[in-house]
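One file, coords.txt, carrying compact mmCIF, C-alpha atoms:
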```
# COMPACT_ATOMS: atom_id res chain seq x y z
CA MET A 1 -3.31 6.84 -7.70
CA GLY A 2 -0.59 4.32 -6.87
CA ILE A 3 0.18 3.89 -10.57
CA LEU A 4 0.42 7.66 -11.01
CA LEU A 5 2.69 7.97 -7.98
CA MET A 6 4.97 5.18 -9.23
CA ALA A 7 5.03 6.73 -12.70
CA SER A 8 6.00 10.08 -11.17
CA LEU A 9 8.68 8.39 -9.09
CA VAL A 10 10.12 6.60 -12.14
CA LEU A 11 10.10 9.88 -14.07
CA ILE A 12 11.83 11.70 -11.23
CA LEU A 13 14.45 8.96 -10.92
CA HIS A 14 15.00 8.98 -14.68
CA TYR A 15 15.62 12.72 -14.80
CA SER A 16 17.67 12.55 -11.60
CA LYS A 17 19.93 9.92 -13.15
CA ARG A 18 20.28 12.06 -16.26
CA GLU A 19 21.20 15.06 -14.13
CA VAL A 20 23.72 12.96 -12.21
CA ARG A 21 25.25 11.85 -15.51
CA ASN A 22 25.33 15.42 -16.84
CA ASP A 23 26.83 16.66 -13.59
CA THR A 24 29.47 13.91 -13.75
CA ILE A 25 30.28 14.79 -17.36
CA GLN A 26 30.61 18.45 -16.41
CA LYS A 27 32.71 17.60 -13.36
CA ALA A 28 34.89 15.24 -15.43
CA SER A 29 35.34 17.89 -18.11
CA GLN A 30 36.35 20.45 -15.50
CA THR A 31 38.71 17.95 -13.88
CA LEU A 32 40.22 17.08 -17.26
CA ASP A 33 40.76 20.77 -17.99
CA ALA A 34 42.31 21.21 -14.55
CA THR A 35 44.48 18.11 -15.07
CA ILE A 36 45.64 19.26 -18.47
CA SER A 37 46.28 22.72 -17.07
CA SER A 38 48.21 21.25 -14.14
CA ILE A 39 50.39 19.11 -16.39
CA ASP A 40 50.82 21.99 -18.79
CA ASN A 41 51.86 24.28 -15.93
CA VAL A 42 54.47 21.76 -14.82
CA MET A 43 55.75 21.48 -18.38
CA LEU A 44 55.66 25.26 -18.83
CA THR A 45 57.63 25.64 -15.64
CA VAL A 46 60.25 23.25 -16.95
CA GLU A 47 60.29 24.97 -20.34
CA GLN A 48 60.49 28.46 -18.81
CA THR A 49 63.17 27.44 -16.36
CA THR A 50 65.18 25.75 -19.11
CA GLY A 51 64.87 28.80 -21.37
CA ASN A 52 65.92 31.14 -18.57
CA ILE A 53 68.87 28.91 -17.74
CA TYR A 54 69.84 28.79 -21.40
CA ILE A 55 69.87 32.58 -21.61
CA ALA A 56 71.72 32.93 -18.33
CA LEU A 57 74.23 30.30 -19.42
CA GLN A 58 75.38 32.18 -22.53
CA PRO A 59 78.24 34.09 -20.87
CA PHE A 60 79.50 30.91 -19.23
CA ILE A 61 78.98 28.49 -22.07
CA ASP A 62 82.64 27.49 -22.12
CA ASN A 63 82.87 27.03 -18.35
CA PRO A 64 82.08 23.39 -17.50
CA GLU A 65 81.63 24.19 -13.79
CA LYS A 66 79.09 26.89 -14.52
CA VAL A 67 77.32 24.59 -16.99
CA ARG A 68 76.95 21.90 -14.30
CA GLU A 69 75.85 24.53 -11.77
CA TYR A 70 73.11 25.83 -14.05
CA ALA A 71 72.01 22.28 -14.87
CA GLN A 72 71.63 21.62 -11.14
CA LYS A 73 69.54 24.80 -10.76
CA ILE A 74 66.99 23.35 -13.19
CA VAL A 75 66.73 20.23 -11.00
CA ASP A 76 66.47 22.27 -7.81
CA THR A 77 63.76 24.64 -9.04
CA ASN A 78 61.30 21.95 -10.16
CA PRO A 79 60.28 19.00 -7.94
CA CYS A 80 59.35 16.83 -10.95
CA VAL A 81 62.77 17.17 -12.59
CA ILE A 82 65.13 14.37 -11.61
CA SER A 83 68.07 15.21 -13.86
CA CYS A 84 69.34 17.78 -16.34
CA ASN A 85 72.08 17.41 -18.90
CA ILE A 86 73.74 20.25 -20.85
CA THR A 87 76.11 18.70 -23.30
CA PHE A 88 78.08 19.39 -26.42
CA ASP A 89 79.31 15.83 -26.75
CA LYS A 90 79.03 14.77 -30.40
CA ASP A 91 78.63 11.10 -29.50
CA TYR A 92 75.73 11.96 -27.18
CA LEU A 93 74.15 14.08 -29.91
CA GLN A 94 74.18 11.14 -32.33
CA GLN A 95 71.38 9.31 -30.46
CA ASP A 96 68.20 8.69 -32.46
CA TRP A 97 65.81 10.35 -30.06
CA LEU A 98 67.74 13.63 -30.45
CA SER A 99 67.87 13.62 -34.23
CA VAL A 100 64.53 15.31 -34.97
CA PRO A 101 64.85 18.26 -32.53
CA LEU A 102 68.49 18.83 -33.56
CA GLN A 103 67.48 18.90 -37.22
CA THR A 104 64.50 21.25 -36.71
CA GLY A 105 66.14 23.29 -33.98
CA LEU A 106 62.81 23.34 -32.12
CA PRO A 107 62.37 22.30 -28.50
CA THR A 108 60.17 19.28 -27.89
CA TRP A 109 59.05 16.73 -25.32
CA LYS A 110 60.02 13.09 -25.75
CA ASN A 111 58.43 10.15 -23.96
CA ARG A 112 61.48 7.93 -23.70
CA ARG A 113 59.59 4.70 -23.07
CA THR A 114 61.58 2.78 -25.68
CA GLU A 115 64.95 4.13 -24.56
CA ARG A 116 64.72 3.89 -20.78
CA ASP A 117 65.85 0.92 -18.73
CA GLU A 118 63.03 -1.05 -17.07
CA ASN A 119 64.89 -0.98 -13.78
CA LYS A 120 65.05 2.80 -13.80
CA GLU A 121 62.33 5.29 -13.08
CA PRO A 122 60.12 6.09 -16.12
CA ILE A 123 60.82 9.56 -17.44
CA ILE A 124 59.74 12.12 -19.99
CA THR A 125 62.43 14.40 -21.42
CA TYR A 126 62.31 18.02 -22.50
CA ILE A 127 64.83 18.65 -25.32
CA MET A 128 66.05 22.17 -26.09
CA PRO A 129 68.60 22.35 -28.95
CA MET A 130 71.25 25.07 -28.71
CA THR A 131 70.94 26.74 -32.08
CA ASP A 132 74.05 28.89 -31.68
CA ARG A 133 76.31 25.87 -31.37
CA GLN A 134 76.14 22.09 -31.53
CA GLY A 135 74.72 21.30 -28.13
CA VAL A 136 71.51 20.34 -26.34
CA ILE A 137 69.83 20.75 -22.98
CA THR A 138 67.83 17.70 -21.88
CA VAL A 139 65.61 17.83 -18.80
CA ASP A 140 64.32 14.50 -17.46
CA MET A 141 61.03 14.68 -15.57
CA SER A 142 59.82 11.79 -13.40
CA LEU A 143 56.51 10.36 -14.55
CA ASN A 144 55.94 8.94 -11.07
CA LEU A 145 56.21 12.39 -9.50
CA LEU A 146 54.11 13.88 -12.28
CA SER A 147 51.44 11.22 -11.70
CA LYS A 148 51.37 12.02 -7.98
CA ILE A 149 50.87 15.70 -8.65
CA VAL A 150 48.13 15.06 -11.20
CA LEU A 151 46.36 12.35 -9.20
CA GLU A 152 45.96 14.62 -6.18
CA ALA A 153 43.26 16.50 -8.07
CA LYS A 154 40.70 13.73 -8.53
CA PRO A 155 36.94 14.34 -8.69
CA SER A 156 35.92 11.42 -6.45
CA GLU A 157 37.39 9.04 -3.91
CA HIS A 158 38.14 6.15 -6.27
CA SER A 159 38.57 8.02 -9.56
CA TYR A 160 41.96 8.72 -11.10
CA CYS A 161 43.48 10.51 -14.08
CA ILE A 162 45.50 9.03 -16.92
CA LEU A 163 47.55 10.51 -19.70
CA LEU A 164 48.20 8.52 -22.88
CA ASP A 165 50.88 9.03 -25.47
CA SER A 166 50.06 8.78 -29.18
CA ASP A 167 51.05 5.09 -29.21
CA GLY A 168 48.82 4.23 -26.23
CA SER A 169 51.54 4.12 -23.56
CA PHE A 170 50.77 5.62 -20.16
CA ILE A 171 52.41 8.92 -19.26
CA VAL A 172 50.35 9.39 -16.11
CA HIS A 173 48.73 6.52 -14.17
CA PRO A 174 48.29 5.74 -10.44
CA ASN A 175 49.87 2.31 -10.96
CA ASN A 176 53.57 2.96 -11.58
CA GLN A 177 54.00 -0.51 -13.04
CA LEU A 178 51.95 0.58 -16.04
CA LEU A 179 54.35 3.44 -16.81
CA ASN A 180 56.88 1.02 -18.29
CA ASN A 181 57.07 -0.43 -21.79
CA GLU A 182 53.57 -1.83 -22.32
CA THR A 183 50.78 0.10 -24.02
CA VAL A 184 47.12 0.05 -23.06
CA PHE A 185 46.46 -2.15 -26.07
CA ASP A 186 49.01 -4.70 -24.86
CA ILE A 187 47.74 -4.68 -21.28
CA TYR A 188 44.06 -5.22 -22.14
CA GLU A 189 44.56 -7.21 -25.33
CA HIS A 190 42.89 -10.31 -23.86
CA SER A 191 40.27 -8.47 -21.83
CA ALA A 192 36.70 -9.73 -22.17
CA ASP A 193 35.40 -6.17 -22.51
CA LYS A 194 36.38 -4.78 -25.91
CA HIS A 195 35.25 -1.29 -24.89
CA ILE A 196 38.65 -0.73 -23.24
CA SER A 197 40.53 -1.01 -26.54
CA GLU A 198 37.84 1.02 -28.29
CA ALA A 199 38.07 3.81 -25.74
CA ALA A 200 41.89 3.77 -25.92
CA HIS A 201 41.75 3.98 -29.72
CA LYS A 202 39.45 7.00 -29.52
CA MET A 203 41.80 8.64 -27.04
CA VAL A 204 44.96 8.22 -29.14
CA THR A 205 43.12 9.53 -32.22
CA GLY A 206 42.29 12.77 -30.40
CA GLU A 207 38.53 12.31 -29.84
CA SER A 208 36.48 13.62 -26.92
CA GLY A 209 33.68 11.83 -25.08
CA TYR A 210 33.07 9.06 -22.56
CA MET A 211 32.54 5.32 -22.64
CA PRO A 212 31.66 2.58 -20.12
CA PHE A 213 33.80 -0.51 -19.67
CA SER A 214 34.37 -3.32 -17.16
CA ILE A 215 37.47 -4.68 -15.46
CA ASP A 216 37.16 -7.84 -13.35
CA GLY A 217 33.42 -7.36 -13.01
CA THR A 218 33.67 -3.72 -11.87
CA ARG A 219 32.10 -1.15 -14.15
CA PHE A 220 33.89 2.09 -14.95
CA PHE A 221 33.39 5.17 -17.09
CA VAL A 222 36.28 6.85 -18.90
CA PHE A 223 35.95 10.53 -19.83
CA TYR A 224 38.60 11.68 -22.27
CA LYS A 225 39.71 14.65 -24.35
CA PRO A 226 42.90 15.64 -26.26
CA PHE A 227 45.76 17.19 -24.37
CA GLU A 228 45.92 20.76 -25.64
CA ARG A 229 48.58 23.07 -24.33
CA SER A 230 48.06 26.72 -23.46
CA TYR A 231 49.19 29.18 -26.08
CA LEU A 232 52.03 31.50 -25.07
CA PRO A 233 53.42 33.86 -27.70
CA HIS A 234 57.03 33.66 -26.58
CA LEU A 235 57.10 29.84 -26.33
CA TYR A 236 56.98 27.17 -28.98
CA ASN A 237 53.88 24.99 -28.50
CA ASP A 238 54.71 21.49 -29.53
CA ASP A 239 51.78 19.26 -30.66
CA MET A 240 52.08 16.53 -28.06
CA ASN A 241 49.44 14.15 -29.51
CA TRP A 242 48.59 13.16 -25.93
CA SER A 243 45.14 12.42 -24.55
CA ALA A 244 43.94 12.96 -20.98
CA GLY A 245 41.31 10.82 -19.35
CA ILE A 246 39.52 10.31 -16.05
CA ILE A 247 38.55 6.82 -14.91
CA TYR A 248 35.36 6.94 -12.87
CA PRO A 249 34.03 3.85 -11.06
CA GLU A 250 30.32 3.59 -11.66
CA GLU A 251 29.87 3.37 -7.90
CA ASP A 252 31.35 6.86 -7.52
CA ILE A 253 28.97 8.25 -10.14
CA TYR A 254 25.74 6.46 -9.30
CA GLY A 255 26.49 5.13 -5.80
CA GLU A 256 24.54 7.79 -3.92
CA TYR A 257 21.91 7.82 -6.64
CA ASP A 258 21.47 4.03 -6.43
CA THR A 259 21.23 4.26 -2.63
CA LEU A 260 18.69 7.06 -2.94
CA LYS A 261 16.80 5.08 -5.58
CA ILE A 262 16.63 1.97 -3.39
CA GLU A 263 15.57 3.99 -0.36
CA THR A 264 13.02 5.95 -2.39
CA ILE A 265 11.57 2.82 -3.97
CA ALA A 266 11.45 1.11 -0.56
CA ILE A 267 9.70 4.12 0.96
CA ALA A 268 7.33 4.26 -2.04
CA ILE A 269 6.50 0.56 -1.72
CA ILE A 270 5.98 0.86 2.03
CA GLY A 271 3.87 3.96 1.42
CA LEU A 272 1.77 2.18 -1.19
CA ILE A 273 1.28 -0.78 1.14
CA MET A 274 0.30 1.54 4.00
CA MET A 275 -2.00 3.48 1.67
CA PHE A 276 -3.55 0.21 0.50
CA LEU A 277 -4.06 -0.99 4.07
CA PHE A 278 -5.40 2.40 5.12
CA CYS A 279 -7.82 2.53 2.18
CA TYR A 280 -8.77 -1.11 2.80
CA ALA A 281 -9.54 -0.35 6.46
CA ILE A 282 -11.57 2.75 5.54
CA ILE A 283 -13.47 0.97 2.77
CA ASN A 284 -14.06 -2.05 5.00
CA GLN A 285 -15.35 0.26 7.74
CA GLN A 286 -17.58 2.07 5.27
CA LEU A 287 -18.89 -1.22 3.86
CA LYS A 288 -19.87 -2.70 7.23
CA PRO A 289 -23.39 -1.18 7.07
CA LEU A 290 -23.75 -2.51 3.52
CA GLN A 291 -22.61 -5.96 4.64
CA MET A 292 -25.10 -5.83 7.51
CA LEU A 293 -27.87 -4.69 5.14
CA THR A 294 -26.94 -7.51 2.75
CA GLU A 295 -27.27 -10.05 5.56
CA ARG A 296 -30.60 -8.56 6.61
CA ALA A 297 -31.80 -8.64 2.99
CA GLU A 298 -30.92 -12.33 2.82
CA SER A 299 -32.82 -12.88 6.07
CA LEU A 300 -35.82 -11.00 4.67
CA ALA A 301 -35.65 -13.13 1.55
CA LYS A 302 -35.86 -16.19 3.83
CA GLY A 303 -38.87 -14.73 5.61
CA LYS A 304 -37.13 -13.64 8.82
CA TYR A 305 -38.57 -10.21 9.56
CA ASP A 306 -37.81 -10.05 13.27
CA GLU A 307 -34.03 -9.49 13.09
CA PRO A 308 -33.52 -5.85 14.12
CA ILE A 309 -31.59 -3.31 12.04
CA PRO A 310 -29.64 -0.96 14.34
CA ASP A 311 -30.01 2.79 14.15
CA THR A 312 -27.33 4.74 12.29
CA HIS A 313 -25.67 8.04 13.08
CA HIS A 314 -24.33 8.51 9.57
CA HIS A 315 -25.95 11.03 7.28
CA ASP A 316 -24.36 9.90 4.03
CA GLU A 317 -25.90 7.73 1.32
CA ILE A 318 -25.24 4.52 3.26
CA GLY A 319 -26.77 6.04 6.42
CA ARG A 320 -29.91 7.07 4.52
CA LEU A 321 -30.04 3.63 2.91
CA GLN A 322 -29.81 1.97 6.31
CA SER A 323 -32.59 4.20 7.71
CA ASN A 324 -34.85 3.51 4.73
CA PHE A 325 -34.09 -0.19 4.96
CA GLN A 326 -34.98 -0.09 8.66
CA GLN A 327 -38.35 1.58 7.87
CA MET A 328 -38.96 -0.93 5.09
CA GLN A 329 -38.28 -3.82 7.49
CA LYS A 330 -40.70 -2.39 10.06
CA ARG A 331 -43.40 -1.96 7.45
CA LEU A 332 -42.78 -5.45 6.13
CA ALA A 333 -43.02 -6.78 9.69
CA MET A 334 -46.32 -4.94 10.23
CA HIS A 335 -47.66 -6.09 6.88
CA THR A 336 -46.56 -9.64 7.62
CA GLU A 337 -48.28 -9.49 11.01
CA GLU A 338 -51.50 -8.28 9.39
CA VAL A 339 -51.26 -10.99 6.77
CA GLU A 340 -50.70 -13.61 9.48
CA GLN A 341 -53.70 -12.29 11.43
CA LEU A 342 -55.88 -12.38 8.32
CA THR A 343 -54.55 -15.84 7.55
CA ASN A 344 -55.43 -17.00 11.05
CA ASN A 345 -58.92 -15.51 10.71
CA TYR A 346 -59.37 -17.13 7.33
CA ARG A 347 -58.10 -20.38 8.74
CA LYS A 348 -60.50 -20.11 11.66
CA HIS A 349 -63.42 -19.34 9.34
CA GLY A 350 -62.32 -22.16 7.12
CA GLU A 351 -62.28 -24.54 10.03
CA GLU A 352 -65.73 -23.31 11.07
CA LEU A 353 -67.00 -23.71 7.52
CA SER A 354 -65.46 -27.14 7.38
CA ASP A 355 -67.17 -28.07 10.65
CA ALA A 356 -70.49 -26.63 9.40
CA TYR A 357 -70.04 -28.50 6.14
CA ASP A 358 -69.36 -31.69 8.07
CA ARG A 359 -72.40 -31.10 10.26
CA ALA A 360 -74.57 -30.34 7.22
CA LYS A 361 -73.23 -33.41 5.50
CA LYS A 362 -73.88 -35.44 8.61
CA ALA A 363 -77.37 -33.94 8.98
CA ASP A 364 -78.06 -34.64 5.34
CA GLN A 365 -76.94 -38.20 5.84
CA THR A 366 -79.12 -38.46 8.94
CA MET A 367 -82.01 -37.01 6.98
CA THR A 368 -81.40 -39.49 4.21
CA ASP A 369 -81.26 -42.34 6.71
CA PHE A 370 -84.37 -41.01 8.44
CA MET A 371 -86.25 -40.69 5.19
CA HIS A 372 -85.12 -44.13 4.17
CA ASN A 373 -86.24 -45.53 7.54
CA MET A 374 -89.53 -43.69 7.41
CA THR A 375 -90.10 -44.84 3.88
CA ASN A 376 -89.36 -48.40 4.88
CA GLN A 377 -91.83 -48.09 7.76
CA MET A 378 -94.49 -46.59 5.49
CA ILE A 379 -94.25 -49.32 2.88
CA PRO A 380 -95.83 -52.16 4.96
CA PRO A 381 -98.89 -50.12 6.03
CA ALA A 382 -99.33 -48.87 2.48
CA HIS A 383 -99.16 -52.43 1.18
CA ALA A 384 -101.57 -53.50 3.87
CA ILE A 385 -104.03 -50.75 2.90
CA PHE A 386 -103.58 -51.71 -0.72
CA ASN A 387 -104.33 -55.33 0.10
CA ASP A 388 -107.30 -54.40 2.26
CA VAL A 389 -108.72 -52.23 -0.48
CA LYS A 390 -108.20 -55.04 -2.92
CA GLU A 391 -109.91 -57.50 -0.61
CA LEU A 392 -112.68 -55.02 -0.11
CA SER A 393 -113.13 -54.89 -3.82
CA ASP A 394 -113.03 -58.65 -4.01
CA PHE A 395 -115.45 -58.85 -1.14
CA ARG A 396 -117.96 -56.79 -2.90
CA GLN A 397 -117.61 -59.09 -5.84
CA ASN A 398 -116.97 -62.47 -4.34
CA LYS A 399 -117.42 -62.17 -0.66
CA GLY A 400 -113.86 -62.41 0.58
CA SER A 401 -112.49 -64.12 3.71
CA LYS A 402 -112.53 -61.00 5.94
CA SER A 403 -115.54 -59.17 7.11
CA LEU A 404 -116.09 -55.54 6.35
CA ASP A 405 -115.47 -54.52 9.91
CA GLU A 406 -112.12 -56.26 9.99
CA MET A 407 -111.04 -54.71 6.73
CA ALA A 408 -112.20 -51.28 7.88
CA SER A 409 -110.33 -51.71 11.13
CA ASP A 410 -107.14 -52.73 9.28
CA ILE A 411 -107.40 -49.83 6.90
CA GLU A 412 -107.96 -47.44 9.76
CA HIS A 413 -104.96 -48.83 11.67
CA ASN A 414 -102.61 -48.71 8.69
CA SER A 415 -103.80 -45.23 7.77
CA GLN A 416 -103.10 -44.10 11.33
CA VAL A 417 -99.59 -45.55 11.16
CA ILE A 418 -98.90 -43.74 7.88
CA THR A 419 -100.38 -40.53 9.34
CA GLU A 420 -98.10 -40.75 12.39
CA LEU A 421 -95.07 -41.40 10.21
CA LEU A 422 -95.90 -38.42 8.03
CA SER A 423 -96.49 -36.27 11.17
CA ASN A 424 -93.10 -37.31 12.55
CA LEU A 425 -91.48 -36.53 9.20
CA LEU A 426 -93.09 -33.09 9.10
CA TYR A 427 -92.05 -32.43 12.70
CA LYS A 428 -88.53 -33.48 11.94
CA SER A 429 -88.39 -31.15 8.93
CA ASP A 430 -89.71 -28.17 10.91
CA ASN A 431 -87.29 -28.85 13.74
CA ASP A 432 -84.28 -28.93 11.35
CA ARG A 433 -85.46 -25.70 9.74
CA ARG A 434 -85.61 -23.97 13.13
CA LYS A 435 -82.03 -25.17 13.93
CA GLU A 436 -80.63 -23.88 10.64
CA ALA A 437 -82.31 -20.46 10.96
CA PRO A 438 -79.76 -18.94 13.51
CA ASP A 439 -76.78 -20.16 11.48
CA GLU A 440 -78.03 -18.36 8.43
```

Can you turn what I pasted into structure tokens?
Amino acid sequence: MGILLMASLVLILHYSKREVRNDTIQKASQTLDATISSIDNVMLTVEQTTGNIYIALQPFIDNPEKVREYAQKIVDTNPCVISCNITFDKDYLQQDWLSVPLQTGLPTWKNRRTERDENKEPIITYIMPMTDRQGVITVDMSLNLLSKIVLEAKPSEHSYCILLDSDGSFIVHPNNQLLNNETVFDIYEHSADKHISEAAHKMVTGESGYMPFSIDGTRFFVFYKPFERSYLPHLYNDDMNWSAGIIYPEEDIYGEYDTLKIETIAIAIIGLIMMFLFCYAIINQQLKPLQMLTERAESLAKGKYDEPIPDTHHHDEIGRLQSNFQQMQKRLAMHTEEVEQLTNNYRKHGEELSDAYDRAKKADQTMTDFMHNMTNQMIPPAHAIFNDVKELSDFRQNKGSKSLDEMASDIEHNSQVITELLSNLLYKSDNDRRKEAPDE
């Protein structure tokens, strides 16, 4: 679930970043259109004012005072215009930057970067040839003032607009020092990031798009498009070959997104940790009965059946397992008790049998000793009888040393001894039989 949540978060952040980029592109495009329109409006104002002055000047074309008065009106009616010159001076008309419009007779704008003095304010000049006579109206517009007007409409706090001429020189830039003689290619010639020159080349060639680049470790995005003037039927639309651009710091584009991403990732990580801890606590709580049952199973395996298993109030699988395990332990305890009782009885009977066996063995040994003793006692009288009988036989043949009465007396005595021994043996046997009868 954590992997799915993180995957969803990454997907959301990916599409959010894409939407932020698309929104920035749209906002930059709108700002570029507004910037171009703003510059074009300023230029149209100058062109319209100059045309109106030119028409109004016709009746007073030979009056130098009126010519200077009308020239001053052009300056007064437009805040970006710093000077206006209406001249018929042939020496003035011989300057190179006036040659093309005087030859074509068409009004045009001229970025006088190469002609202006570095100590003076950078200007852009509107040139209107007087086709009815050899003269020209030149209107100088301050690039600094134009930059201030354009830069007021910026899409973010640290973004700014630029306007490049066809040779790469700045027409509009927040840094007035860059409005002098150097081009963008000269300024960033030794820059480590070659994307700056590449973006500038695309701008001066009239392409549209955007490109990232870095300056002193800070990343920027430049959004650019050609400067296209509005079409008005009654005015000549000169092809300016300019390009407008917006410089966006990456922080302005993705700053809030990066902050949101960091906060979201931090919250997601904290949430995953809390979810892990919460699940761990729940699982650990749910596994406590299983851990207890595992310990009791180990105790049962060691033969300890007296450790109690507590009752459970749970009715899930673990609760039923604990109840069944409790019943199993009780039955095992009862069975073990019965087995121990039977074992004790068998042990007792075994001890009794062992004692009886020992007594029987002892009695058998006593009987053997008794029989051996009785036999030993019977041998002398039997030998004596045998000798007496032999002497009796010898007496009948040879008249032995003993008389018949003595031999008869000896035989009688020895026979009596043997009879008593046999009687005692028989008595002993009957007595042992009577003792063994109850045991059987």

Could you give me, as a PDB file with C-alpha atoms, keeping the file's coordinate frame, the residues within 7 Å of segment 134-151 of chain A, counting all atoms listed in the file and dropping anything in the same chain fewer than 6 positions from it?
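Output (selection_30.pdb):
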```pdb
ATOM      1  CA  THR A  35      44.480  18.110 -15.070  1.00  0.00           C
ATOM      2  CA  SER A  38      48.210  21.250 -14.140  1.00  0.00           C
ATOM      3  CA  ILE A  39      50.390  19.110 -16.390  1.00  0.00           C
ATOM      4  CA  CYS A  80      59.350  16.830 -10.950  1.00  0.00           C
ATOM      5  CA  VAL A  81      62.770  17.170 -12.590  1.00  0.00           C
ATOM      6  CA  ILE A  82      65.130  14.370 -11.610  1.00  0.00           C
ATOM      7  CA  SER A  83      68.070  15.210 -13.860  1.00  0.00           C
ATOM      8  CA  CYS A  84      69.340  17.780 -16.340  1.00  0.00           C
ATOM      9  CA  ASN A  85      72.080  17.410 -18.900  1.00  0.00           C
ATOM     10  CA  ILE A  86      73.740  20.250 -20.850  1.00  0.00           C
ATOM     11  CA  THR A  87      76.110  18.700 -23.300  1.00  0.00           C
ATOM     12  CA  PHE A  88      78.080  19.390 -26.420  1.00  0.00           C
ATOM     13  CA  GLU A 121      62.330   5.290 -13.080  1.00  0.00           C
ATOM     14  CA  PRO A 122      60.120   6.090 -16.120  1.00  0.00           C
ATOM     15  CA  ILE A 123      60.820   9.560 -17.440  1.00  0.00           C
ATOM     16  CA  ILE A 124      59.740  12.120 -19.990  1.00  0.00           C
ATOM     17  CA  THR A 125      62.430  14.400 -21.420  1.00  0.00           C
ATOM     18  CA  TYR A 126      62.310  18.020 -22.500  1.00  0.00           C
ATOM     19  CA  ILE A 127      64.830  18.650 -25.320  1.00  0.00           C
ATOM     20  CA  MET A 128      66.050  22.170 -26.090  1.00  0.00           C
ATOM     21  CA  TYR A 160      41.960   8.720 -11.100  1.00  0.00           C
ATOM     22  CA  CYS A 161      43.480  10.510 -14.080  1.00  0.00           C
ATOM     23  CA  ILE A 171      52.410   8.920 -19.260  1.00  0.00           C
ATOM     24  CA  VAL A 172      50.350   9.390 -16.110  1.00  0.00           C
ATOM     25  CA  HIS A 173      48.730   6.520 -14.170  1.00  0.00           C
ATOM     26  CA  PRO A 174      48.290   5.740 -10.440  1.00  0.00           C
ATOM     27  CA  ASN A 176      53.570   2.960 -11.580  1.00  0.00           C
TER      28      ASN A 176
END
```

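Across A:Trp97, A:Phe60, A:Phe325, A:Tyr254, the tightest approach to Pro289 of chain A is made by A:Phe325 when counting only C-alpha atoms.
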
For atom CA of Leu260 of chain A and atom CA of Ile196 of chain A, the interatomic separation in Å (one decimal): 29.5 Å

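Nearest residue to Asp258 of chain A among A:Lys390, A:Lys27, A:His335, A:Lys17 is A:Lys17, counting all atoms listed in the file.
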
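Closest approach to Ser159 of chain A from the set A:Val339, A:Ile215, A:Ala333, A:Ile247 is made by A:Ile247, with distances taken over all atoms listed in the file.
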
From A:Gly217, A:Pro155, A:Gly2, A:Pro380, residue lying nearest Thr31 of chain A [all atoms listed in the file]: A:Pro155

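Atom to atom, atom CA of Arg219 of chain A and atom CA of Ile253 of chain A stand 10.7 Å apart.
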
Nearest-residue call for Glu19 of chain A, choices A:Met367, A:Tyr257, A:Lys202, A:Thr45, using all atoms listed in the file: A:Tyr257
